[in-house]
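Undergrad: coords_4.txt is reproduced below (compact mmCIF, C-alpha atoms and all ligand atoms).
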```
# COMPACT_ATOMS: atom_id res chain seq x y z
CA MET A 1 0.00 0.00 0.00
CA GLN A 2 1.25 3.47 -0.85
CA THR A 3 0.87 5.97 2.00
CA GLU A 4 -0.20 9.39 0.75
CA MET A 5 0.88 12.62 2.46
CA PHE A 6 -1.77 15.39 2.76
CA GLU A 7 -0.11 18.74 3.49
CA VAL A 8 -2.00 21.16 5.73
CA ASP A 9 -1.70 24.75 4.45
CA PRO A 10 -1.26 27.08 7.44
CA LEU A 11 -2.71 29.97 5.41
CA SER A 12 -6.01 28.30 4.46
CA ASP A 13 -8.93 26.70 6.35
CA ASN A 14 -7.99 23.30 4.81
CA ARG A 15 -11.64 22.26 4.61
CA LYS A 16 -11.21 20.34 1.37
CA LEU A 17 -8.28 18.45 2.80
CA TYR A 18 -10.25 17.48 5.93
CA VAL A 19 -13.15 16.32 3.74
CA ARG A 20 -10.72 14.21 1.69
CA ALA A 21 -9.32 12.61 4.84
CA ALA A 22 -12.85 12.05 6.19
CA GLU A 23 -13.92 10.40 2.91
CA ALA A 24 -10.98 8.04 3.18
CA LEU A 25 -11.95 7.18 6.77
CA ALA A 26 -15.59 6.66 5.75
CA ALA A 27 -14.35 4.17 3.14
CA GLY A 28 -12.54 2.21 5.88
CA ALA A 29 -9.05 3.68 5.45
CA LEU A 30 -6.52 4.47 8.19
CA VAL A 31 -5.20 8.04 8.31
CA GLY A 32 -2.47 9.56 10.50
CA ILE A 33 -3.89 12.81 11.92
CA PRO A 34 -2.13 15.47 14.01
CA THR A 35 -3.43 16.51 17.41
CA GLU A 36 -1.94 19.11 19.75
CA THR A 37 -0.39 16.30 21.85
CA VAL A 38 0.96 13.64 19.44
CA TYR A 39 -0.12 12.27 16.04
CA GLY A 40 -3.06 9.85 16.12
CA LEU A 41 -3.72 6.87 13.85
CA GLY A 42 -7.36 7.45 12.95
CA ALA A 43 -10.16 5.14 11.85
CA ASP A 44 -13.94 5.56 11.68
CA ALA A 45 -14.86 4.62 15.27
CA LEU A 46 -18.19 3.10 14.19
CA ASN A 47 -16.56 0.76 11.64
CA PRO A 48 -15.25 -2.31 13.53
CA GLU A 49 -13.28 -3.63 10.51
CA ALA A 50 -11.41 -0.33 10.15
CA VAL A 51 -10.74 -0.25 13.90
CA ALA A 52 -9.39 -3.81 13.72
CA ARG A 53 -6.87 -2.61 11.12
CA VAL A 54 -5.61 0.05 13.56
CA PHE A 55 -4.65 -2.70 16.03
CA GLU A 56 -3.00 -4.63 13.19
CA ALA A 57 -1.01 -1.68 11.78
CA LYS A 58 0.34 -0.76 15.22
CA GLY A 59 0.87 -4.33 16.41
CA ARG A 60 -1.24 -3.27 19.39
CA PRO A 61 -2.60 -5.88 21.81
CA SER A 62 -6.37 -6.22 21.50
CA PHE A 63 -6.83 -5.60 25.25
CA ASP A 64 -5.65 -1.99 24.93
CA PRO A 65 -8.61 0.30 24.06
CA LEU A 66 -8.58 3.38 21.81
CA ILE A 67 -9.53 7.03 22.45
CA LEU A 68 -12.54 8.54 20.67
CA HIS A 69 -11.92 11.97 19.17
CA VAL A 70 -15.06 14.08 18.74
CA HIS A 71 -15.16 17.54 17.18
CA HIS A 72 -17.13 19.23 19.95
CA GLY A 73 -18.01 18.62 23.61
CA LYS A 74 -21.70 18.44 22.76
CA GLU A 75 -21.04 15.23 20.79
CA VAL A 76 -20.02 13.38 23.95
CA ASP A 77 -23.61 12.63 24.99
CA LYS A 78 -24.12 10.57 21.82
CA TYR A 79 -21.29 8.17 22.58
CA THR A 80 -21.33 7.91 26.36
CA ALA A 81 -23.95 7.08 29.00
CA ILE A 82 -23.12 9.64 31.67
CA PRO A 83 -25.01 9.07 34.93
CA GLU A 84 -27.12 12.05 36.06
CA GLU A 85 -24.90 12.78 39.07
CA LEU A 86 -21.78 13.14 36.88
CA LYS A 87 -23.26 15.39 34.21
CA GLU A 88 -22.42 18.70 35.86
CA LEU A 89 -18.80 17.72 36.51
CA VAL A 90 -18.30 16.45 32.95
CA HIS A 91 -19.83 19.63 31.59
CA THR A 92 -17.57 21.81 33.76
CA LEU A 93 -14.44 19.88 32.73
CA ALA A 94 -15.46 20.04 29.07
CA SER A 95 -16.07 23.76 29.11
CA LYS A 96 -12.82 24.47 30.98
CA PHE A 97 -10.40 22.12 29.24
CA TRP A 98 -11.81 21.27 25.79
CA PRO A 99 -10.60 21.57 23.19
CA GLY A 100 -7.37 20.45 24.82
CA PRO A 101 -5.20 17.62 26.18
CA LEU A 102 -7.77 16.03 28.54
CA THR A 103 -9.28 12.57 27.97
CA MET A 104 -12.28 11.57 30.09
CA VAL A 105 -13.15 7.93 30.77
CA LEU A 106 -16.93 7.57 31.01
CA PRO A 107 -19.52 4.77 30.77
CA LYS A 108 -19.91 3.93 27.08
CA ALA A 109 -23.02 4.11 24.89
CA ASP A 110 -24.11 0.93 23.06
CA ILE A 111 -23.37 2.49 19.66
CA ILE A 112 -19.60 2.23 20.28
CA PRO A 113 -18.29 -1.10 18.95
CA ASP A 114 -16.69 -3.33 21.61
CA ILE A 115 -13.45 -3.47 19.62
CA VAL A 116 -12.87 0.25 20.31
CA THR A 117 -13.05 -0.21 24.09
CA SER A 118 -11.52 -3.72 24.14
CA GLY A 119 -14.78 -4.92 25.64
CA LEU A 120 -14.68 -2.48 28.60
CA PRO A 121 -17.97 -0.89 29.73
CA THR A 122 -16.24 2.53 29.58
CA VAL A 123 -14.93 4.68 26.75
CA ALA A 124 -12.14 7.28 26.65
CA VAL A 125 -13.12 10.48 24.83
CA ARG A 126 -11.57 13.83 24.03
CA VAL A 127 -11.85 16.97 21.89
CA SER A 128 -8.43 17.80 20.45
CA ALA A 129 -7.27 21.39 20.19
CA HIS A 130 -5.76 20.70 16.75
CA PRO A 131 -7.97 21.98 13.92
CA ALA A 132 -7.03 18.97 11.74
CA MET A 133 -8.35 16.31 14.15
CA ARG A 134 -11.48 18.34 14.84
CA GLY A 135 -11.96 19.21 11.16
CA VAL A 136 -11.69 15.56 10.06
CA ALA A 137 -14.06 14.32 12.81
CA LYS A 138 -16.57 17.02 11.89
CA ALA A 139 -16.40 16.20 8.17
CA LEU A 140 -16.77 12.48 8.98
CA GLY A 141 -19.82 13.13 11.14
CA ARG A 142 -18.69 10.38 13.48
CA PRO A 143 -15.96 10.07 16.09
CA VAL A 144 -12.43 9.18 15.00
CA ALA A 145 -10.94 6.30 17.03
CA ALA A 146 -7.25 7.09 17.29
CA PRO A 147 -4.43 5.73 19.40
CA SER A 148 -1.02 7.38 19.13
CA ALA A 149 0.33 6.72 15.62
CA ASN A 150 3.54 4.90 16.66
CA THR A 151 4.20 1.20 16.32
CA SER A 152 3.18 -0.36 19.65
CA GLY A 153 5.98 -0.01 22.22
CA ARG A 154 7.81 2.78 20.34
CA PRO A 155 7.90 6.45 21.33
CA SER A 156 4.82 8.41 20.21
CA CYS A 157 5.07 10.40 16.96
CA THR A 158 5.26 14.19 17.15
CA THR A 159 5.79 14.85 13.41
CA ALA A 160 4.31 13.49 10.18
CA ALA A 161 7.79 12.18 9.32
CA ASP A 162 7.77 10.09 12.53
CA VAL A 163 4.40 8.64 11.48
CA MET A 164 5.79 7.80 8.02
CA GLY A 165 8.80 6.19 9.69
CA ASP A 166 6.58 3.78 11.65
CA MET A 167 3.57 3.40 9.35
CA GLU A 168 4.62 3.91 5.71
CA GLY A 169 3.08 1.16 3.59
CA LYS A 170 0.71 0.12 6.39
CA ILE A 171 -1.77 3.00 6.32
CA ASP A 172 -3.51 4.97 3.59
CA ALA A 173 -2.50 8.56 4.36
CA VAL A 174 -0.95 10.99 6.81
CA VAL A 175 -2.20 14.55 7.30
CA ASP A 176 0.94 16.65 7.83
CA GLY A 177 0.05 19.43 10.26
CA GLY A 178 3.61 20.16 11.39
CA PRO A 179 5.17 19.32 14.76
CA CYS A 180 2.85 18.82 17.76
CA GLN A 181 2.73 21.75 20.16
CA VAL A 182 2.34 19.80 23.42
CA GLY A 183 4.50 16.75 22.65
CA VAL A 184 3.22 14.34 25.34
CA GLU A 185 -0.15 12.60 25.15
CA SER A 186 -3.35 13.76 26.82
CA THR A 187 -4.03 13.49 30.55
CA ILE A 188 -6.48 10.62 31.16
CA LEU A 189 -9.00 11.06 33.98
CA ASP A 190 -11.35 8.23 34.96
CA LEU A 191 -14.64 9.74 36.11
CA THR A 192 -16.36 6.43 36.77
CA CYS A 193 -14.88 6.18 40.27
CA THR A 194 -14.85 8.38 43.38
CA PRO A 195 -12.64 10.31 43.72
CA PRO A 196 -11.80 10.61 40.00
CA ARG A 197 -8.57 8.82 39.14
CA LEU A 198 -5.59 9.98 37.06
CA LEU A 199 -4.80 7.04 34.76
CA ARG A 200 -2.08 8.78 32.74
CA PRO A 201 -0.41 12.17 33.37
CA GLY A 202 -0.25 14.25 30.19
CA GLY A 203 -0.46 17.66 28.60
CA LEU A 204 -2.98 18.98 31.15
CA PRO A 205 -1.27 19.25 34.56
CA LEU A 206 -2.82 17.39 37.51
CA GLU A 207 -2.83 20.64 39.52
CA ALA A 208 -5.13 22.29 36.94
CA LEU A 209 -7.53 19.35 37.15
CA GLU A 210 -7.55 19.36 40.94
CA GLU A 211 -8.50 23.04 40.98
CA VAL A 212 -11.73 22.01 39.28
CA VAL A 213 -12.52 18.52 40.60
CA GLY A 214 -10.82 18.59 44.02
CA PRO A 215 -8.50 15.77 45.06
CA VAL A 216 -7.73 13.22 42.34
CA ALA A 217 -6.44 9.70 43.05
CA VAL A 218 -3.30 8.77 41.10
CA ASP A 219 -3.25 5.27 39.63
CA LYS A 220 -0.30 3.18 40.82
CA ALA A 221 0.82 2.59 37.24
CA VAL A 222 1.66 6.31 36.91
CA THR A 223 4.44 6.36 39.48
CA GLY A 224 5.92 2.88 39.58
CA ARG A 225 6.23 -0.51 38.00
CA LEU A 226 3.31 -2.82 38.71
CA LYS A 227 3.89 -6.18 40.30
CA ASP A 228 3.10 -9.36 38.36
CA GLY A 229 -0.67 -9.81 38.31
CA GLU A 230 -1.44 -6.15 39.14
CA GLN A 231 -3.64 -4.43 36.53
CA PRO A 232 -3.58 -0.71 35.72
CA LYS A 233 -6.96 0.90 35.02
CA ALA A 234 -5.63 2.12 31.65
CA PRO A 235 -4.55 -1.16 30.04
CA GLY A 236 -1.91 0.64 27.95
CA MET A 237 0.02 1.73 31.05
CA LYS A 238 1.02 -1.87 31.72
CA TYR A 239 3.80 -2.68 29.31
CA ARG A 240 7.27 -1.13 28.86
CA HIS A 241 6.72 1.68 26.48
CA TYR A 242 8.35 4.50 24.58
CA ALA A 243 11.43 2.35 24.69
CA PRO A 244 14.62 2.93 22.70
CA LYS A 245 16.69 -0.18 21.93
CA ALA A 246 19.33 0.48 24.62
CA PRO A 247 18.44 0.18 28.32
CA VAL A 248 17.55 3.51 29.95
CA THR A 249 18.28 4.68 33.52
CA VAL A 250 16.53 7.79 34.83
CA VAL A 251 18.36 9.97 37.36
CA THR A 252 16.07 12.12 39.52
CA GLY A 253 16.88 15.12 41.75
CA PRO A 254 18.02 18.72 41.26
CA ALA A 255 19.42 19.29 37.76
CA GLU A 256 23.05 19.94 38.75
CA ALA A 257 23.15 16.97 41.08
CA SER A 258 21.66 14.58 38.52
CA ALA A 259 24.11 15.81 35.85
CA ARG A 260 27.00 15.14 38.25
CA THR A 261 25.71 11.66 39.10
CA ILE A 262 25.38 10.78 35.41
CA LEU A 263 28.89 12.09 34.75
CA GLN A 264 30.23 9.67 37.37
CA MET A 265 28.46 6.70 35.77
CA VAL A 266 28.76 7.16 31.99
CA LYS A 267 31.26 5.42 29.77
CA PRO A 268 32.45 6.57 26.34
CA GLY A 269 29.81 5.67 23.75
CA ASP A 270 26.90 5.73 26.19
CA GLY A 271 23.89 7.95 25.51
CA VAL A 272 22.73 10.86 27.65
CA ILE A 273 19.42 12.72 27.63
CA CYS A 274 20.12 15.95 29.52
CA PHE A 275 18.97 19.50 30.03
CA ASP A 276 20.59 21.92 27.58
CA GLU A 277 22.86 23.55 30.19
CA PHE A 278 24.72 20.27 30.83
CA ALA A 279 25.23 19.05 27.25
CA GLU A 280 28.87 20.04 27.07
CA LEU A 281 29.79 17.93 30.10
CA PHE A 282 29.27 14.78 28.05
CA LYS A 283 31.97 15.06 25.39
CA GLU A 284 32.46 11.33 24.86
CA GLN A 285 28.77 10.46 24.83
CA GLU A 286 25.90 10.69 22.34
CA VAL A 287 23.80 13.57 23.71
CA GLU A 288 20.15 14.44 23.15
CA CYS A 289 18.98 17.68 24.76
CA LEU A 290 15.66 17.79 26.57
CA GLY A 291 15.45 21.59 26.64
CA PRO A 292 16.38 24.11 29.36
CA SER A 293 16.05 22.68 32.90
CA GLN A 294 13.52 25.41 33.76
CA ASP A 295 11.29 25.00 30.67
CA LYS A 296 8.99 21.99 30.95
CA ARG A 297 6.97 23.06 27.91
CA ILE A 298 10.02 22.52 25.70
CA GLN A 299 10.97 19.33 27.58
CA ALA A 300 7.50 17.91 26.81
CA GLN A 301 7.93 18.77 23.13
CA ARG A 302 11.38 17.15 23.04
CA VAL A 303 11.02 14.03 25.17
CA PHE A 304 9.81 11.57 22.50
CA ASP A 305 12.21 12.95 19.90
CA ALA A 306 15.10 12.43 22.31
CA LEU A 307 14.06 8.82 22.96
CA ARG A 308 13.41 8.16 19.26
CA ALA A 309 16.82 9.59 18.26
CA PHE A 310 18.58 6.75 20.09
CA ASP A 311 17.05 4.18 17.77
CA SER A 312 19.56 5.14 15.10
CA LYS A 313 22.52 5.31 17.51
CA ASP A 314 24.57 2.54 19.04
CA ALA A 315 24.58 3.65 22.68
CA ALA A 316 25.11 0.73 25.07
CA GLN A 317 23.35 2.47 27.97
CA ILE A 318 21.26 5.63 28.10
CA TYR A 319 21.10 7.89 31.17
CA ALA A 320 18.39 10.54 31.42
CA GLN A 321 17.99 13.62 33.58
CA CYS A 322 14.44 14.14 34.65
CA PRO A 323 12.40 17.16 35.81
CA ASP A 324 10.52 17.28 39.14
CA SER A 325 6.87 16.21 39.19
CA GLN A 326 5.22 19.63 39.30
CA GLY A 327 3.01 20.66 36.36
CA LEU A 328 4.04 19.06 33.06
CA GLY A 329 6.95 17.44 34.95
CA LEU A 330 4.71 14.55 36.04
CA ALA A 331 4.03 13.58 32.41
CA ILE A 332 7.63 14.12 31.22
CA SER A 333 9.13 12.08 34.06
CA ASN A 334 6.48 9.37 33.60
CA ARG A 335 7.45 8.97 29.91
CA LEU A 336 11.16 8.81 30.74
CA LYS A 337 10.58 6.34 33.59
CA LYS A 338 8.38 4.15 31.41
CA ALA A 339 11.13 4.09 28.78
CA ALA A 340 13.43 2.96 31.60
CA GLY A 341 10.98 0.30 32.82
CA PHE A 342 11.01 2.49 36.01
CA LYS A 343 14.75 1.90 36.54
CA THR A 344 15.44 5.07 38.52
CA ILE A 345 18.38 6.39 40.56
CA ALA A 346 18.23 9.37 42.91
CA ALA A 347 21.04 11.90 42.27
CA GLY A 348 23.91 11.35 44.69
CA GLN A 349 23.04 7.71 45.23
CA LYS A 350 24.01 4.91 42.92
CA ARG A 351 21.38 2.54 44.19
CA VAL A 352 18.76 1.59 41.65
CA VAL A 353 15.20 1.84 42.97
O1 LIG A 401 -2.97 12.55 23.37
C1 LIG A 401 -3.50 11.46 23.22
O2 LIG A 401 -4.25 10.96 24.08
C2 LIG A 401 -3.20 10.70 21.93
C3 LIG A 401 -3.81 11.51 20.77
C4 LIG A 401 -3.67 10.81 19.45
O3 LIG A 401 -5.15 11.79 21.07
N1 LIG A 401 -3.72 9.38 21.96
C5 LIG A 401 -3.18 8.40 22.71
O4 LIG A 401 -3.78 7.18 22.55
O5 LIG A 401 -2.24 8.57 23.46
P1 LIG A 401 -3.10 5.80 23.03
O6 LIG A 401 -3.97 4.77 22.45
O7 LIG A 401 -1.69 5.78 22.66
O8 LIG A 401 -3.29 5.83 24.58
C6 LIG A 401 -4.58 5.69 25.11
C7 LIG A 401 -4.51 5.18 26.50
C8 LIG A 401 -4.07 3.73 26.61
O9 LIG A 401 -3.19 3.60 27.72
C9 LIG A 401 -5.38 2.99 26.89
O10 LIG A 401 -5.19 1.82 27.65
C10 LIG A 401 -6.16 4.05 27.64
O11 LIG A 401 -5.85 5.25 27.01
N2 LIG A 401 -7.63 3.86 27.52
C11 LIG A 401 -8.39 3.93 26.42
N3 LIG A 401 -9.68 3.66 26.71
C12 LIG A 401 -9.74 3.42 28.04
C13 LIG A 401 -10.79 3.08 28.95
N4 LIG A 401 -12.03 2.91 28.54
N5 LIG A 401 -10.46 2.91 30.26
C14 LIG A 401 -9.18 3.08 30.69
N6 LIG A 401 -8.15 3.39 29.87
C15 LIG A 401 -8.42 3.56 28.57
MG MG A 402 0.21 5.34 22.72
```
Using the file provided, produce a representation of the structure as structure tokens.
Ligand code: TXA
Ligand code: MG

TA:
Amino acid sequence: MQTEMFEVDPLSDNRKLYVRAAEALAAGALVGIPTETVYGLGADALNPEAVARVFEAKGRPSFDPLILHVHHGKEVDKYTAIPEELKELVHTLASKFWPGPLTMVLPKADIIPDIVTSGLPTVAVRVSAHPAMRGVAKALGRPVAAPSANTSGRPSCTTAADVMGDMEGKIDAVVDGGPCQVGVESTILDLTCTPPRLLRPGGLPLEALEEVVGPVAVDKAVTGRLKDGEQPKAPGMKYRHYAPKAPVTVVTGPAEASARTILQMVKPGDGVICFDEFAELFKEQEVECLGPSQDKRIQAQRVFDALRAFDSKDAAQIYAQCPDSQGLGLAISNRLKKAAGFKTIAAGQKRVV
């Protein structure tokens, strides 16, 4: 199969292009579509055969459900069965954070095929802030089911070129909307339990959510490796993910201290993911910069690129500096720690925790 590239024109409304992509989806095709977080691999959510091909193209396990992308918050009622007592909270969250990097897990409506939710009674839904994802969903007139567009287990794609790298020949088209502004995936909040539970930290900081919903429980899978037999509430949080080929070790703590600790451990030819200020310390290593230590917005944009870059390098070991957990730091450090299989060292100590 030849994968076509559809170029978004930043100076036009791109309506024709979105209609073209929607027509392809309506015919059962798979299309890579940008969102503000990462690129999605879209299919018509109401077409179970097309959705099955998403799992196939990604090599994604069938137990790991997909996110529904709708073009407007008012669409959510059609595809979910929100209990009366939750309606006000869902409405408040939608009006505050959509369009944007928040995914809500809600009881599903019967119209959603079981393959989308991997048989779960709930469905994950969001309204992306990217005009392309919203434009295509609107032109389709149905939700777009879209996981991140990477091959399962690889870092998520933040450019159309990344999507081509993983999916060329396996999908029908990619809409090229330029690099993603946020760079890490959406924050997933499960509203079917009390208190609501953070299943995955992402582009919307936990602190912003808690200002609106009060205290939020944080799923164990967010902060540590699960024991054998333990199940995360978001099935996709289970397996090692975002992983480059070489083993990764994350070093936590203040930036200068973690840089010093890495310097003591690295060997020539190892890889280092570090904040910009420390790059020149690692003269004999392959270095990928994560951005300035004080700028988590840039770190979020860079984190998957930095991990992906090591796929074409021969580093034996990769060491990564890691921001604190405030704001976007929770999502950035979660992605790095998942790439490391949660192999983490505190700066100043050499003990792996
Ligand atoms: O930013 C994003 O969320 C991107 C863009 C494309 O929208 N999408 C994305 O999808 O990251 P994916 O498939 O890579 O991650 C979705 C996560 C998985 O961990 C999955 O297990 C979880 O959401 N999920 C989906 N439906 C769920 C449900 N009903 N209950 C719990 N977790 C769910
Ligand atoms: Mg993913």

Undergrad: Would you pick out the contacts of region 44-46 of chain A at 8 Å or less, using all atoms listed in the file, so that residues sharing its chain but fewer than 2 positions from it are not included, and give the list as an NGL selection string?

TA: :A and (25-26 or 28 or 42 or 48 or 50-51 or 68 or 111-113 or 116 or 140 or 142-145)

Undergrad: Would you put the residues from that selection into a file with C-alpha atoms, as a short mmCIF file (atom, residue, chain, number, x, y, z; two decimals), in the frame of the given file?

TA:
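Contents of selection25.cif, freshly written:
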```
data_model
loop_
_atom_site.label_atom_id
_atom_site.label_comp_id
_atom_site.auth_asym_id
_atom_site.auth_seq_id
_atom_site.Cartn_x
_atom_site.Cartn_y
_atom_site.Cartn_z
CA LEU A 25 -11.95 7.18 6.77
CA ALA A 26 -15.59 6.66 5.75
CA GLY A 28 -12.54 2.21 5.88
CA GLY A 42 -7.36 7.45 12.95
CA PRO A 48 -15.25 -2.31 13.53
CA ALA A 50 -11.41 -0.33 10.15
CA VAL A 51 -10.74 -0.25 13.90
CA LEU A 68 -12.54 8.54 20.67
CA ILE A 111 -23.37 2.49 19.66
CA ILE A 112 -19.60 2.23 20.28
CA PRO A 113 -18.29 -1.10 18.95
CA VAL A 116 -12.87 0.25 20.31
CA LEU A 140 -16.77 12.48 8.98
CA ARG A 142 -18.69 10.38 13.48
CA PRO A 143 -15.96 10.07 16.09
CA VAL A 144 -12.43 9.18 15.00
CA ALA A 145 -10.94 6.30 17.03
#
```

Undergrad: Which residues, written as a list of chain:residue names, have at least one atom at most 6 Å from region 153-160 of chain A, with all atoms listed in the file counted and residues fewer than 5 positions away on the same chain left out?

TA: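 Using all atoms listed in the file, the neighbours found are A:Val38, A:Tyr39, A:Asp176, A:Pro179, A:Cys180, A:His241, A:Tyr242, A:Ala243, A:Phe304.
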
Undergrad: Closest to Val184 (chain A) among A:Gln301, A:Gln317, A:Ser258, A:Ser128, using only C-alpha atoms?

TA: A:Gln301

Undergrad: Can you list every residue of chain A that has an atom at most 7 Å from ligand LIG 401 (chain A), with its nearest atom pair and the distance in Å to one decimal, using only C-alpha atoms and all ligand atoms, ordered by chain then number, as a tab-separated table?

TA:
```
residue	atom	partner	partner_atom	distance
A:Thr35	CA	A:LIG401	C3	6.0
A:Thr37	CA	A:LIG401	O1	4.8
A:Val38	CA	A:LIG401	C3	5.4
A:Tyr39	CA	A:LIG401	C4	5.1
A:Gly40	CA	A:LIG401	C4	3.5
A:Leu41	CA	A:LIG401	C4	6.8
A:Asp64	CA	A:LIG401	O10	4.7
A:Pro65	CA	A:LIG401	C11	4.3
A:Leu66	CA	A:LIG401	C11	4.6
A:Ile67	CA	A:LIG401	C11	5.2
A:Pro101	CA	A:LIG401	O1	6.2
A:Thr103	CA	A:LIG401	O2	6.6
A:Val105	CA	A:LIG401	N4	5.6
A:Thr117	CA	A:LIG401	N4	5.5
A:Leu120	CA	A:LIG401	N4	6.0
A:Thr122	CA	A:LIG401	N4	4.4
A:Val123	CA	A:LIG401	N4	3.8
A:Ala124	CA	A:LIG401	N3	4.4
A:Ser128	CA	A:LIG401	O3	6.9
A:Ala146	CA	A:LIG401	C4	5.6
A:Pro147	CA	A:LIG401	O6	3.2
A:Ser148	CA	A:LIG401	O7	3.9
A:Ala149	CA	A:LIG401	C4	6.9
A:Val184	CA	A:LIG401	O1	6.7
A:Glu185	CA	A:LIG401	O1	3.3
A:Ser186	CA	A:LIG401	O1	3.7
A:Thr187	CA	A:LIG401	O2	7.0
A:Ile188	CA	A:LIG401	O11	6.8
A:Leu199	CA	A:LIG401	N6	7.0
A:Lys233	CA	A:LIG401	C14	5.3
A:Ala234	CA	A:LIG401	N6	3.3
A:Pro235	CA	A:LIG401	O10	3.9
A:Gly236	CA	A:LIG401	O9	3.2
A:Met237	CA	A:LIG401	O9	5.0
```

Undergrad: List as a PyMOL selection string the protein and nucleic acid residues near Arg60 (chain A), meaning an atom at most 9 Å away when only C-alpha atoms are counted, but skip any in the same chain fewer than 5 places from it.

TA: chain A and resi 54-55+151-153

Undergrad: Could the residues in this selection be written to a file with C-alpha atoms, as a compact mmCIF listing (two decimals), keeping the file's coordinate frame?

TA:
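And here's selection22.txt as it stands now:
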```txt
# COMPACT_ATOMS: atom_id res chain seq x y z
CA VAL A 54 -5.61 0.05 13.56
CA PHE A 55 -4.65 -2.70 16.03
CA THR A 151 4.20 1.20 16.32
CA SER A 152 3.18 -0.36 19.65
CA GLY A 153 5.98 -0.01 22.22
```

Undergrad: Taking (-0.9, -0.9, 0.6) in the coordinates of the supplied file, I want to know which residues reach to within 8 Å of it, counting only C-alpha atoms; could you give the answer as number ranges by chain?

TA: A: 1-3, 169-172

Undergrad: Now that the selection is made, can you save its residues with C-alpha atoms as a short mmCIF file (atom, residue, chain, number, x, y, z; two decimals), in the frame of the given file?

TA:
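Written out: again10.cif:
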```cif
data_model
loop_
_atom_site.label_atom_id
_atom_site.label_comp_id
_atom_site.auth_asym_id
_atom_site.auth_seq_id
_atom_site.Cartn_x
_atom_site.Cartn_y
_atom_site.Cartn_z
CA MET A 1 0.00 0.00 0.00
CA GLN A 2 1.25 3.47 -0.85
CA THR A 3 0.87 5.97 2.00
CA GLY A 169 3.08 1.16 3.59
CA LYS A 170 0.71 0.12 6.39
CA ILE A 171 -1.77 3.00 6.32
CA ASP A 172 -3.51 4.97 3.59
#
```

Undergrad: CA of Cys274 (chain A) to CA of Ala320 (chain A): how many Å, to one decimal?

TA: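 A separation of 6.0 Å between them.
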
Undergrad: Determine, counting all atoms listed in the file, which protein, DNA and RNA residues have an atom within 10 Å of an atom of Val70 (chain A); residues of the same chain fewer than 2 positions away are not included. Present the result as a list of chain:residue names.

TA: A:Ile67, A:Leu68, A:His72, A:Gly73, A:Lys74, A:Glu75, A:Val76, A:Tyr79, A:Pro99, A:Val125, A:Arg126, A:Val127, A:Ser128, A:Met133, A:Arg134, A:Gly135, A:Val136, A:Ala137, A:Lys138, A:Gly141, A:Arg142, A:Pro143, A:Val144, A:Ala145

Undergrad: Please produce a file of those selected residues containing C-alpha atoms, as a PDB file, in the coordinates of the input.

TA:
```
ATOM      1  CA  ILE A  67      -9.530   7.030  22.450  1.00  0.00           C
ATOM      2  CA  LEU A  68     -12.540   8.540  20.670  1.00  0.00           C
ATOM      3  CA  HIS A  72     -17.130  19.230  19.950  1.00  0.00           C
ATOM      4  CA  GLY A  73     -18.010  18.620  23.610  1.00  0.00           C
ATOM      5  CA  LYS A  74     -21.700  18.440  22.760  1.00  0.00           C
ATOM      6  CA  GLU A  75     -21.040  15.230  20.790  1.00  0.00           C
ATOM      7  CA  VAL A  76     -20.020  13.380  23.950  1.00  0.00           C
ATOM      8  CA  TYR A  79     -21.290   8.170  22.580  1.00  0.00           C
ATOM      9  CA  PRO A  99     -10.600  21.570  23.190  1.00  0.00           C
ATOM     10  CA  VAL A 125     -13.120  10.480  24.830  1.00  0.00           C
ATOM     11  CA  ARG A 126     -11.570  13.830  24.030  1.00  0.00           C
ATOM     12  CA  VAL A 127     -11.850  16.970  21.890  1.00  0.00           C
ATOM     13  CA  SER A 128      -8.430  17.800  20.450  1.00  0.00           C
ATOM     14  CA  MET A 133      -8.350  16.310  14.150  1.00  0.00           C
ATOM     15  CA  ARG A 134     -11.480  18.340  14.840  1.00  0.00           C
ATOM     16  CA  GLY A 135     -11.960  19.210  11.160  1.00  0.00           C
ATOM     17  CA  VAL A 136     -11.690  15.560  10.060  1.00  0.00           C
ATOM     18  CA  ALA A 137     -14.060  14.320  12.810  1.00  0.00           C
ATOM     19  CA  LYS A 138     -16.570  17.020  11.890  1.00  0.00           C
ATOM     20  CA  GLY A 141     -19.820  13.130  11.140  1.00  0.00           C
ATOM     21  CA  ARG A 142     -18.690  10.380  13.480  1.00  0.00           C
ATOM     22  CA  PRO A 143     -15.960  10.070  16.090  1.00  0.00           C
ATOM     23  CA  VAL A 144     -12.430   9.180  15.000  1.00  0.00           C
ATOM     24  CA  ALA A 145     -10.940   6.300  17.030  1.00  0.00           C
TER      25      ALA A 145
END
```

Undergrad: Please determine, counting all atoms listed in the file, which residue among A:Thr80, A:Thr223, A:Ser12, A:Asn150 has the shortest atom-to-atom distance to ligand MG 402 (chain A).

TA: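 Counting all atoms listed in the file, the residue closest to ligand MG 402 (chain A) is A:Asn150.
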
Undergrad: Excluding Lys338 (chain A) and any residue of its chain fewer than 3 positions from it, enumerate the residues within 9 Å of it, using only C-alpha atoms, and give them as a VMD selection string.

TA: chain A and resid 222 224 to 225 237 239 to 243 333 to 335 341 to 343

Undergrad: Identify which of the residues A:Leu93, A:Ala129, A:Ala300, A:Ala347 lies closest to Gln264 (chain A), counting all atoms listed in the file when measuring atom-to-atom distances.

TA: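 Among the listed residues, A:Ala347 lies closest to Gln264 (chain A).
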
Undergrad: Work out how far CA of Asp305 (chain A) is from CA of Phe63 (chain A), in Å to one decimal.

TA: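 Answer for the CA of Phe63 (chain A) to CA of Asp305 (chain A) separation: 27.1 Å.
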
Undergrad: Would you mind reading off the distance between CA of Thr92 (chain A) and CA of Glu211 (chain A), one decimal, in Å?

TA: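 Separation of CA of Thr92 (chain A) and CA of Glu211 (chain A): 11.7 Å.
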